[in-house]
Every structure is written in C-alpha cells, then in structure tokens.
Amino acid sequence: MSARVSSRRTRIDEELLRESLEINRRGHNGWRAEVLARAAAAGGTAAGRILSFVLTVLAAVIVSLPLVYLSGGDGALALDALIAGSWGSPIAAAETLVQTVPLLISGLAVALAFHAGLFNIGVEGQLVVGALSAGIVGATLPLPGPILIVVCVAAGAAGGALWALIPALLKAYRGVHEVVTTIMMNYIAFNLSTFLVSPSGPFVSSSQPSATEKIPIEARLPILVPGTRLHAGLILAIVLVIAVAWYLYRTPGGFSLRLTGANPRAARGAGISVPQTILRAMLLSGALAGLAGAVQVLGLFGRYFDAFSPGYGFDAIAVALLGALSPVGIAAAALFFGTLDSSAVYLQAQAGVSREMVGVVSGLVVGFVAAQPAILRLLRRLRARKARTRPNPSPDDLDRVLATVVPVPLADPDDAISHGLAETEATR
Amino acid sequence: MSATAVRLAGITKRFGAVTANDGIDLAVRAGTVHGVLGENGAGKSTLMKILFGMIRPDEGTIEIDGKRVELRSSADALAQGIGMVQQHFSLVGPFTVVENLILGRDSRALWRRWLAPLPLSAARERARELSERFGFGLDADARCQDLSVGARQKVEIVKALWAGATILVLDEPTAALSPPEAEELYALLERLRADGTTVILISHKLPEILRLCDRVTVLRDGKVVGTREIDRADMDAISRAGVEADLVHLMIGRERPTVPERHPRELAPVLSVRGLTDGGRIGPVDLEVAGGEIVAVVGVEGNGQSALVDLLTGVVRAKAGSIVLDGAELAGRSTLARLRAGLAHIPEDRHAQAVAEEMSLIDNASIGFTTGAPFAPTRLWLSKAKRRRLAEAIIRDRSVRTPGPDAPMRSLSGGNQQKLVVGRELARAPRLMIAAQPTRGLDIASTTAVHEALMKLRAAGAGVLLLSLDLTEVFAISDRIVVIRQGVLVGEVATDRADPERLGAWMSGAAGGEEAA
Amino acid sequence: MSILSMSLVIAAIHLAVPIILPLLGGLISERSGVMNIALEGMMLVGGLTAVVFSFLTGDPWLGLAAAAVSGLISGAALALLTVTLRANQVVASTAINLVGAGLTAALVPIIWGTDGTTPSVAKIPPFVVPGLSELPVVGQLFRELTLVDYGTFVLVVGVWWVLFRTDTGLRLRACGESAESADSAGIDVVRTRFVAVALSGAFAALGGAYLSIVILDAFQAGMTQGRGYLALAALVFGKWRVWPGVAACVVFGLADALALRSQIVAPDIPHDLLLAMPYILALVALATFVGKGTAPAAVGKEFARA
Amino acid sequence: SSSGTPTATESADEFVWTMVTDQAGLGDKGFNDLAKLGIDQSAEELGGKAQVLQSSDQSQYVTNLQQAISTGSTVTTAVGFLLADAIVEVAQANPDELFTIIDSEALDEAGTPLPNVAGVLFKEQEAAFLAGIVAGLTTESDTIGFVGGMEIPAVQRFYSGFAAGIESVNPDATVTAAYVGSFADSAKAKELALGFYDQGADIVMDVAGGGGIGVFDAAKQLGDGHWVVSTDTCKVDLAPDNFLTSAVKDVAGAVLRENTAAAEGTFEGGTVTLGLADGGVGLCQENIDSLSSDILTVVDTATTAISDGTLVPPATPEELAEFTAPAL
Ligand SMILES: Nc1ncnc2c1ncn2[C@@H]1O[C@H](COP(=O)(O)OP(=O)(O)OP(=O)(O)O)[C@@H](O)[C@H]1O
Ligand SMILES: Nc1ncnc2c1ncn2[C@@H]1O[C@H](COP(=O)(O)OP(=O)(O)OP(=O)(O)O)[C@@H](O)[C@H]1O
Ligand SMILES: [Mg+2]
Ligand SMILES: [Mg+2]
C-alpha cells in the first residue's frame, strides 16, 4: 500500500486509484456508450417532465377559467392570450425572455445559498442594491462605453455581495439566523435606495424623479434582436447558469459548499471550514442577486428606478425551489414564470383579464405545480395497484403515457429544502 | 406449551422494487423471548414496524393473543399492549425525559388535553419508580439530546414499558450500550420474562441471542429461512458453538467468515500523543500507537471518547499537548493537514458526522478527496468521472449493495452506508486510522469485512485506534486495550492478558482499576 | 413637545398587534413542522373577509369571526398542499400568497365596482374599561384600546399555554421536532399538522382583519405591506418561542411608532433613514446579544408513512 | 410642431381611449382614478370605448404601451412620471401614434418635446397654497401636520405650496412634514396622523396616496375639531365632519382635453403646465360654501395674485426657504 503526498495532491491509496482507472479501461462499452445511455435516460426524463408540466399548467388554467369569467374576462380569449402573449410572435417570445432573465439570475442566487443550507430571503434587497450600484456607477463614472459596462456589472455584483456581507458574517461567526437578518437588510435597502434618489438624495436625476441619471447608450447591454427589448442580459444569464452549475458540481469549492449544506459536521470532519464556506456562499449569492438587479438597469431601463423590482427576489425563491435547486431546472422554472409574466400584458389587453386575476391564475398554476409530485405519486400508486390486480400485466396506452410521466415530476425539491433548512452549525 | 401472543401470517411488504418482507409467518409464544436474526437488509425492522403499526403491510394478517387486529398506526399497537424500541432513536431531542415518556400517552378527554396542564409531576414520579426498578438512574428532567447514547437507549426502554406493554419489541437495543449497560438490560429482560412479558429481540450479536432467547427466527432476503428452539438451560460451550454455526449458516448461507490471525510484528511508533487536553473535559492524555498495532480505547459512553477523537482529528482545537504522526507535529494543524499527513477517521455517528444523506454515493465517496490532484487538479476543476471511478472501486471492494454510484446515500441501508464510509477512509492510505464504533449495526458478514480491512491496514504497518463498546470486537482484533474514564486514560493492558469481567469493572470505575499495566 | 406619551404606546400596540397575530400563526405552524411563509396572503384574505361581512351584516364582530373562518380555509388550503399532498412548503406558500393577493384585489371591484379600496364599513369600537379609563395618563389607554387588543393578549397567553403546557402542545411540538418519533409515539402527525396549519391561517387572517376593521374601516389591496414577512422575522428573532417572539413584535411596533413620531419632533433628520432605524437596530441587537436560535428540527420536512 | 401634426383618423365609434398605469394602479382615490374618469368621460362625450391597462411592474410599461397601440388606441395616456422613459421609447418608435403623459414631459435626446406626446404637468403648489391659506386661517392650535407617502417632487410641491400658504396668513403657525415611507400603508399613515393630532395639531394634510384613508380615519376617530386637508380629489365623503378642503388636480379634465383635441384633429405635442389660471388645479368646490367668507376673501385675493403672476408659490423646499410671504 503506497501513498503519494504533496501539497497539491490529495492523499490517496494509489492501488485503489489504479484499480479504479482499470474499471474505466475495462469499462462496459467504453465511455461513448455510457454517455449515450445517460443522454437517453436524461432525454426520457426531460420528455416526461415536459409532458407532465404541460398537463399541470392545463389543469390550472381550466380551474381558473371560472374566475376569469367572474372578473369579466373572456375565457376562450384568455387561453389564447396566454399562449399568444408569451410565445405567439417573435416579439412576444423576446419579451418572455426579457421577463425570464431577472428571475433566472436571482433564482440562481437563492439556489446557491440553499445548496449551502442558507435560506437567503435577502435576495430582493441585494438585487436592489446591485441595481442601485450599477445605476450610480453607470451614471456618474466618465468611462468609455465597453469598459463602463464591465465596471457597472462588477459594481452590481459587488453591491449585492456587500449587502449579503452582514448577514453572512453574523451567520458564519455568530450563528445568527440568516432569515431574520436578510429580511432586515431588505428593509434597510428599500429605505436607503429611496433616500438616494429622493429629491434631496445625492443621486437623483435632474429630469426624472425617483431615478438616477441615464447611463450612456454605449454603456448599456446591447440589444440582441433589433426591434425587441431582448438584451445581452440573456446571454449573461445563460453563462451564469453554466457557471453556477460548473461551480456547484465541477469545482472543489462547489463541493465544499454542497457538503456544508448537506451535513456541516461531515464537512468539518473533512477539513472544510464551515464559517468560510457560509461566508463564500452568501457572498456569491448576493453577487448573483446584485447581477440580476444590474442587468435590469443596464439592459432594460438604462437607469436605476426606485421600486423597479416587483419582488423578483421573492419570486426567485419559488423559482429556485420549483427548479429543484438545479441550475437547469431553475432556467426552466424562470422561463415558466417569465411566460406567465409576459402573457399578463396580453391577458389584460386582449382578454380583459385584470392584472389581479392574472396573479390569481399564476398562483393557481404554482399551486398545481407544487402539488404535482403528489398527484404523480397518486397516479403511480393507482397504476401499481392496477398492475398487481391484473394477473398478466400488459401495458395499455394509459400505462405507457404514465410510464413516461409518472416517475419524473417537474421538480421534487422537498429533499433539497429539508436539508437546506436544516440548521447549519457554525461552531468552530 | 403456552399461548401464542403474536402471530404474523403471510406478511408481505414491497418498497418499490425491493420486497422487504416476503410472505413471512412468525409465531411468538407468550412469556418468552423470541429472537429475530438476519443480515443487514433482511427485513427485520420492517417486519417489526409492521407489528408496531408504523408500516402497513401489502399483504398478510396480524393476530395478537389470538385475535385478528388491524394496526393502522402505532397508536393502535400501543392500545394492543405492544411497546417498541426502534433501531433508530425515536426520542424528541429537545424534550425532557419525562416529556418523551408521556408523549402521546395522555388518555384524558380531548378538552383536558387542550387545556389542562400536563400531568408532569405524576409522570416524574412514575418515571423515577420505573428507572429505579430497572436500576437505570435516569434524570427525568434532563433533555434527551444532552444524554449519552446509552442513557437514551434506557429512556427508549422505559418509554416502551411505560404503558405496561405486554409485548415488547426491541430492535438492536444493545448496539449502543457498553458491556456493563448491556448486562443491566439482559437482567431486565430476564425479569420481564419472569413477569410474563413477551419479548421480541432483534440483534446481530449471537452471544446475547443465545443467552436470552427461547426461540430464534432467521430472516434472509425478506423470507423466513428457519426457526430454532434454544434450550438455554442446557447449553455448554460445545453445543453453543454448534447452535451458533447453525444460525450463521441460516443467516448468510455459508460458514462464518474468519478473521485472519494476528501475527506479532516489529513495532515502530506511528502516533505519539503527549499531554493532550482541551483544557476541560478531557486530558491530559498520553498515548502511543505503533505501526502494525491496533489499540482499543474502551470506556462507558460519556467518558470522553468522542472528545478525544475530536482533538485528534482537529475538529476541536487542543488547549495544550502534542500530536506527532510519523514524526510530524500535528497539534496546531488543520483537519485537512492532518488528513494529508495520514490520518483517517471512521466517525461513530454515521448520520451526523460521516455522510450526507441527500448527496450521491459519488459525492459521499469523495468527501475529503476534493482538494488537490488527482480529483481537483485546480480550483476550477473537480473531476466527476474520476470520482465516479473511485466510488465504483469502493463499492466493489467493500461490496456495497446499491443500485449504482448515482443513487443518493439515503437509499442505502445503514450497514451499506457504513461500508462505503469504511472504504472511503481506507482509500486515504492512512498511517493512523481512527475507527470509532466501526461495526455498529453491521451484520456478521459486514462486521467481519470491516475487521479484515482493519487487520489488513495493520499488516501494512499502519496504526489503528479503535474506539468500541463491543468487547467481543475489542478482543477479536486489538493488540492493546486502554481504558478511558472521565476524560483520562486510567490504564492499559495487552489484549491477550485482559479479562472481560475486570475490564468492565475498570471502565465503570468499580474495584480493581488502576493496578493493571 | 415630547414624543413619549400614552398615544405613542397606543400607536406601538396598533403597529405590533398586526404582527403578533400572524406571528402566533407562524409559531403554531412551524412548531408543528410546517414552514408557513404564506402569512401575508392569509392576512389579506382575512382583511377582505372581515370587511365584506362587516359590510353585509353591519356587525364588525361578525366580520372578525368570518375572517377567522376565512383564515381556517386558506390555512386548510396550505395544509392540503403541504401536509396531505406533501408539496414543497415554500412553493405552496408562494401559491397561497399569489392567490391571496390577487383574489382580494380582484374581488373588490367585483363586489363594489370600485378599484383598490372598499367603502367604509362598521369597525370594532374602542372598549372603555370602567374605572381604569378615568385614571390620569394611562386612562387614555383604557379608552382607546379595543376588545381585540385585549383578546390578542389572551390569545398570546393561550397559545403559550397550549403549546408549552398542555398535552396538545407537546404532541404538536413533537411533530415539529421529529415526525418519525411522534409517529412512533402514536401521534397522528398528518392530522396534527393539518390542524396546526389551518389554525395558523386563522391567526394570520385575524391579523389582516385587525388592519382592516380595527385600525381602519376599509380594505385596501395589498394593505398588509409585508407584515406577514415581518412576523416571520419576529418568529426567528424570538427563536420560535412565544414570549420572545411577541417581544420582538412589540419592539418592531414601538420602533415603527418611534420612527414615525420622531419625524414630527425632529423634522431635520432624513426621514428615510429614520424609517430604516427599526431594522438597523434589530440587526444590531441580533449581532450583539440575541445570537443564534434553532428552528424546530423537522420544519420543512415532509412526513409520510410507508 | 412643424411637419405633419399627427391626428386621429378614426370615426367616433372607432375611438379607443387607453390609459396605462404604473404599478400603483387604480384605486388610489387620486390621480389614477381621476385619469380613469377622464378616459371614461372621453368615451362618453367623444364616442368609442375606454380601456385601462394596469402595469404590475416597471418592466411592463413599454409592453403595455405597445399593447395599447396594437389594440388600436386613439390616444394612449400614461399616468405617472415613472412612465416617462417608456413613453419616450414607444412614442419615438411609433411617431404616428398619439400619447399623453400625466405628471411628466416626454423629451428626446436633445431635450425637445416629442411631437406626438402631450406632457401634462400641474402646479400643485398653487392649489396647495390656497389650501394652506384655508388651514392657516382655520387652525386654532397653530400646529399643522403634513403626512406624505414618500418624498417625491409632486409631494414636495404640495408641501411647499401648503407651507407657504400657511405662512402668508398665519406666521405663528408651524407646519411639520412627516412621511410614511409608502403610498399604500394606511395603518402607518393613520398612526402618523394620530401622532400629529396628539402633538397638538388640529389640521393634517394628507398626501399619502392610497394610505390617505388612514389620515381620514384618524380624524374621524378623534372627532370634531380635527381637520384633514386632502389632495388630488375632494374626498368629502371620507369624513364629512372632518374634511376641511383639498388641493385638487384636474387630471380628468386634462385627459379629456387632450383626447378631445385628438378627436378634433387639433392634438399638439409638447408640454403643458396647468395651474390655477387654466383651472388645472384649485380648491375643492364641493364644500366651498362651508368655508367662512373671511377665508374665501383671502383665497380669492391669492387666486388673483397667482393667476396674474404677481404671486409665485414655491414648488420645492429650497424655494420655500427663500419665499417671503406676501400680505394678503
Ligand atoms: N422506507 C423504506 N423505503 C424503501 N426501502 C426500504 C424502506 N425501509 C426499508 N427498506 C428496504 O427494505 C429492506 C429491509 O430493510 P430493514 O430495515 O427491514 O432491514 P433490517 O433487517 O432491519 O436491516 P438492519 O440489520 O440493517 O437493521 C432493505 O433493503 C431496505 O433498504
Ligand atoms: N458541551 C459540553 N459541555 C459540558 N459537558 C459536556 C459537553 N458535551 C458533552 N459533555 C459531557 O462530557 C462528557 C464527555 O462527553 P463526550 O461526548 O466526549 O463523551 P462520549 O463518551 O463520546 O459520549 P457520547 O458520545 O454519548 O456523548 C459526557 O458526560 C457529556 O455529557
Ligand atoms: Mg433494522
Ligand atoms: Mg460518544
């Protein structure tokens, strides 16, 4: 038994290592087959997810039809508007993506903290401070356009991280529960931002109340599709999905973070500093939140507006959990919420559904999605019973459909949240 | 002879693809102790949970005292006079002992339960009574989470007997007890039997089964593979060995695997601890472990074994003292540095310290391997493929039963989780392995496998520090035994010169302590 | 002019009670193991229901009772999702919040034909305590508080008593600490949690009704203004215990009242900063002496028997 | 404007009068509801139909304005200064469409008003000045409060005019401003108003938006002798016994005027600022008879002075600091 030791090398049983590499070489049909097999499995899962998801949304829409009529809307038009308003035209699709971007990035922020066992309800405040930082920097620093974009984006991330710093320190080193500190930080952020762009505030625009001066056009995120508002924030969001996924699942830092969230004592036993990991997770989460705010300012509004956020940071919690905390799942969940948001405009204009009723419909959809794992469980049980009572089970059509749908709910984040909420001990 | 207290007929329970119980028939005579044996995952706990109403069987019937019953919940089982001590603690940590005892037992009218104060003082009195009768010495107002594992086990037993259970189910009750504590339990069970209580006992420890049980049923893969009467009155060493071999054969389908012989070796020190203390509960501790030596630290739970391990692994910083491993001073160094220097650790509390249940086997196998090459050559890259290979190698080497390396850790049975942890720690190529209760809850085959692994380490010249409550284990594999009491090592003895009886007395601080050396 | 007066105390009570009531709801729910961040939506439902029934019957007490019932219903909806169907608790809460906020805002124009704010309805009158109201200084308190304020105090004591002194409370807390342990002690975890979550809705709804028919006499869309979340913060601040939690609410109420009133006597301090003071002080308190608290161990975890 | 003023080309029954709100939306009993009244009146008087698109967040302004256009809106009225950037963007992209924005102007990059957008600003300070006169002459305690929602420019104009009006007729009276921190928290607005009354104020001005019902409720609760001065609309019915007066803004009239211009083909872009002189702002007329003739005399004097430009009420705190009260 031999061991190689160096400062940049993990100590490991070399014999075992060799043996494990051999498994690789002797491997079944080589990595190609394995990749194909895994892709096929993932494809099957994805198909099941999409199918069950569509069914869920349909169910929710059907349930909300009476409400739509009650509020004076036109149900038939509403169904049409729901689809047409979000994906019916290139412009609508672009608008859906515009609505998706902030939810996606802030959803990643929530999820990153969750993976470390932290419930960051402060994403909203961090997002506001990030937007504010980007807005102020963009409106005041006399830098050439491309450089200014980078500086503004960085300022947004830094602002968000700064806003997460106090809860992070209190959590990591004093064990103060992050839920209460981040809620407090939210209120402070709202009051501070209001003050900074109030008439007596230092950064208010001379022509536009409750906002900063405009950021020069060259320093805004470029529009991706001319004639729409779809901006480069989408690309940033996609990059962030990949980056967060990479970080969580393909870096040692991400591993420490997930392990700390899953079992802080095990992490500590493996030589991971729990307080440092908490600090890092919270700061990264804040930075992502700040980016979400900065992207709205730099891509959509061109300046910071007070109260620009309808609560992206709160919706992000649902987005993150709906996406089962996985970056790709979050992208899907954000797209789903973005679809609801962008169809809201159409629903109002074309089908006479008030914005309040649109809120009710999205609530019902979220409720159905939340209940989906249970409904699927029920179907599975019925199917199992049926299969057992039949002497010779032959899958009929319904069974085949259920076979694809049933084992794969859109998201079953229960496990994630339960360990996410487990108290992370920060004792040294 | 006597009436049948419990009759299970045709019990079948499936969990997805797993059939945990497969048409099980079991009859338990009233006033006897009935043993249930089987490997990890054989379906013992599932069967007992069905009897306790916690799991609804897919098929099968239950009769209590000859009457067919429907057990929809543990409330129903309690009402039938069944009490159960779970394999995993079922106490509410932040509640006091007495609160745990009366939990769910209040039978007053509903409005009283909403309005009237809890009948705590009466319960306290009764708890004191029971505790005294069994010689437990429980503090009724202590919080359960502050109690040692042994004390918690006692609370569980008192809780099961609280409502005057006539049928008592015990699922591996001695896995967490020290030998003197286990003795107390045995005496208690004898007394209960004498009082006419029916006891069902699940255990992996054959000696205690042979000593206590009137009859044993062996499960394998969810099926009953045999039932044996045990004539306790007439059992000498030879017939005992015969029965044991018979039961082992029933359980695992082959002979008991043997642990390799220990061979004396040239010894060079690997670990040398001097004056180690946390400034309070523990130390100063002086301890040497040589390469090729297994040193067992024994003591009653709560005497500082955990604290000693924490100091050695660096999870808790020492106030004073030195820890030298292979000539390198580790006392001031981080846990990570200690792992790199050749320390490995099988923690005593698997759930709390060793595994992340929600993470995959791949992730769990790579805990502690994610800083530095080969898995993480840079801070931006942690190889999944290589970690998968590592997990696969460990799964194969340690025969972990799992659907695959991507499965979440929680989907494994406790024994298989433990095997993965052992494999992971062995993969560190340790110079010193700290093995704390490494076979707690493991079946005979797995236990032997762990022992083999530790012996192999020893043969390779590494040191092993074994912390164990199981004296059979200590005698089977250790070279030297040190006794810890109230945070200090009170003495040591070579294993082949140690005497279990005296060791027990020594651990509990009774007579005959210090003079051994 | 001094800002320390009886009316400051009354203001603090008025600002604290609509946090205390949802706090009690959150406490019951989380102690039973279900995270309830739908307090905000349930408050809105209660606020509107109280006004509708006060409007229909002319009796604000019937409004209050109806609000409690509406809370039971929205609580039962959350319980159905989280306890019975084992849906994710945060996602389910989000659904209730969205439906609660949307439905209450949408119903106002459907019922009254006007947007945003309902007409004035009969409100709960102050209760003049005989004798005590004649006292100097404190007399004002006993003239201006309503029976609901006193009732809230009774509810606080009651929740504390039931949760921490009775068998029902012991069972409920056991479900919140370890559902498996509670189950093996013969407790029906699903039923206990269902009742707890439904009750938590009733408490939250009473908080909403307090805003609409005790402080004011009308319902306004979104009138809760984040008090449901503040209650959640107070819950954590008070470490899931009744009295510290209520104390946190009282501190929030008092700090809010002070932040509002100090503007009157010290108009030169930027008011946005004054309004942020309560939250800054809360942070300082947390950082210095409050320290860490532990949630009930099973909060957020679903429970299902095999 | 110079090249081809855009005009409405539809016939009367094809008219669509659209209003787009910011996220505050309808139900404020203030300028959103007034704007709604304006488009309803437009439909009644000019024909066609009225529609409202409420935004639930800032990112929807542009899409809502575009939606309005695609539903064939004749004139699209954006209500609130927060929509300024959005209306510029949409109006520049759709030069043939007509827009009105309330409480803001719509300027291009060079700072010139867009030809297809009418920006309507109000001199709230002028109405508030008159309200200040009423308050200053009514107060017996010489202590007056001002409850603002948030300190935005429109609220500052109300405050500056109000304070100047009080100072002009009652130099001994003090007026103090305090803010709720939100335009929607009526419970806090009520506590703030109660605080003012508790500190001896007998009049409180409500510029708290939707939260204003809290100010009225405070006065109602305390009963006679506790007055409320309100804003935007009359609101007598909220508390008939406590309502003193209101500094009203004729948003409905302004909307109707721009829509009429469009219907008649005389729509002109650019910024208009409406004050006392054009009847764009003023005191509530519903209860004007309940004010004493002494007060009304002073109000009339001030109205004349303001209308002919000899008296310019301050619109910001800075102007208020430099304002010297005239003899009225
Ligand atoms: N709730 C569950 N869901 C899925 N599978 C389960 C569940 N409970 C038990 N099993 C599976 O059923 C089988 C029997 O488990 P059981 O706990 O009864 O074994 P056991 O004999 O008690 O083992 P041990 O000696 O390790 O305690 C195992 O394969 C186990 O993984
Ligand atoms: N934080 C603490 N403060 C004071 N005493 C403690 C603390 N933690 C543990 N103890 C007590 O110190 C003694 C030694 O604890 P330690 O955990 O090291 O013992 P142990 O033998 O491993 O037992 P167990 O694992 O059951 O706790 C026990 O009596 C324990 O109850
Ligand atoms: Mg078991
Ligand atoms: Mg221990």
# chains A, B, ... in the order shown; residues from 1 in each chain; ligands from 1

call {"tool": "residues_around", "arguments": {"residues": "Leu275 in chain C", "least_positions_apart": "3", "cutoff": "12 Å", "atoms": "only C-alpha atoms", "output": "ChimeraX atom specification"}}
result
/A:187-192,194-195 /C:252,255-263,269-272,278-281 /D:150,178-182,188

call {"tool": "residues_around", "arguments": {"residues": "Gln54 in chain D", "least_positions_apart": "4", "cutoff": "12 Å", "atoms": "only C-alpha atoms", "output": "count of residues only"}}
result
41

call {"tool": "select_by_dssp", "arguments": {"residues": "range 75-264 of chain B", "states": "strand (DSSP E)", "output": "list in words"}}
result
Ile82, Gly83, Met84, Val85, Ile167, Leu168, Val169, Leu170, Asp171, Thr198, Val199, Ile200, Leu201, Ile202, Arg215, Val216, Thr217, Val218, Leu219, Arg220, Lys223, Val224, Val225, Gly226, Thr227, Arg228 and Glu229 of chain B

call {"tool": "closest_residue", "arguments": {"among": "B:Ala331, B:Ala142, B:Ile50, B:Val273", "to": "chain C", "atoms": "only C-alpha atoms"}}
result
B:Ile50

call {"tool": "residues_near_ligand", "arguments": {"ligand": "ligand 2", "cutoff": "6 Å", "atoms": "only C-alpha atoms and all ligand atoms", "output": "mmCIF file with C-alpha atoms, in the first residue's frame"}}
result
data_model
loop_
_atom_site.group_PDB
_atom_site.id
_atom_site.type_symbol
_atom_site.label_atom_id
_atom_site.label_comp_id
_atom_site.auth_asym_id
_atom_site.auth_seq_id
_atom_site.Cartn_x
_atom_site.Cartn_y
_atom_site.Cartn_z
ATOM 1 C CA SER B 148 -25.370 9.843 26.196
ATOM 2 C CA VAL B 149 -26.392 7.227 23.695
ATOM 3 C CA GLU B 301 -20.304 6.122 26.857
ATOM 4 C CA GLY B 302 -19.899 9.671 28.024
ATOM 5 C CA ASN B 303 -16.385 9.375 29.359
ATOM 6 C CA GLY B 304 -14.775 11.459 26.652
ATOM 7 C CA GLN B 305 -14.107 9.105 23.775
ATOM 8 C CA SER B 306 -15.774 11.481 21.337
ATOM 9 C CA ALA B 307 -13.892 14.433 22.711
#

call {"tool": "residues_near_ligand", "arguments": {"ligand": "ligand 1", "cutoff": "6 Å", "atoms": "only C-alpha atoms and all ligand atoms", "output": "MDAnalysis selection string"}}
result
(chainID B and resid 15 20 39:46 412:415) or (chainID C and resid 306)

call {"tool": "write_last_selection", "arguments": {"atoms": "C-alpha atoms", "output": "mmCIF file, in the first residue's frame"}}
result
data_model
loop_
_atom_site.group_PDB
_atom_site.id
_atom_site.type_symbol
_atom_site.label_atom_id
_atom_site.label_comp_id
_atom_site.auth_asym_id
_atom_site.auth_seq_id
_atom_site.Cartn_x
_atom_site.Cartn_y
_atom_site.Cartn_z
ATOM 1 C CA PHE B 15 -40.802 -0.776 -1.290
ATOM 2 C CA ALA B 20 -38.563 -6.213 2.237
ATOM 3 C CA GLU B 39 -28.192 -9.824 7.768
ATOM 4 C CA ASN B 40 -28.456 -6.114 7.184
ATOM 5 C CA GLY B 41 -31.452 -5.515 4.989
ATOM 6 C CA ALA B 42 -33.014 -8.896 5.644
ATOM 7 C CA GLY B 43 -36.268 -7.193 6.631
ATOM 8 C CA LYS B 44 -36.225 -7.462 10.408
ATOM 9 C CA SER B 45 -37.004 -3.842 11.194
ATOM 10 C CA THR B 46 -39.642 -3.680 8.507
ATOM 11 C CA LEU B 412 -28.709 2.651 1.216
ATOM 12 C CA SER B 413 -29.313 0.611 4.319
ATOM 13 C CA GLY B 414 -27.305 1.667 7.336
ATOM 14 C CA GLY B 415 -24.910 -1.208 7.011
ATOM 15 C CA ALA C 306 -44.722 3.820 4.431
#
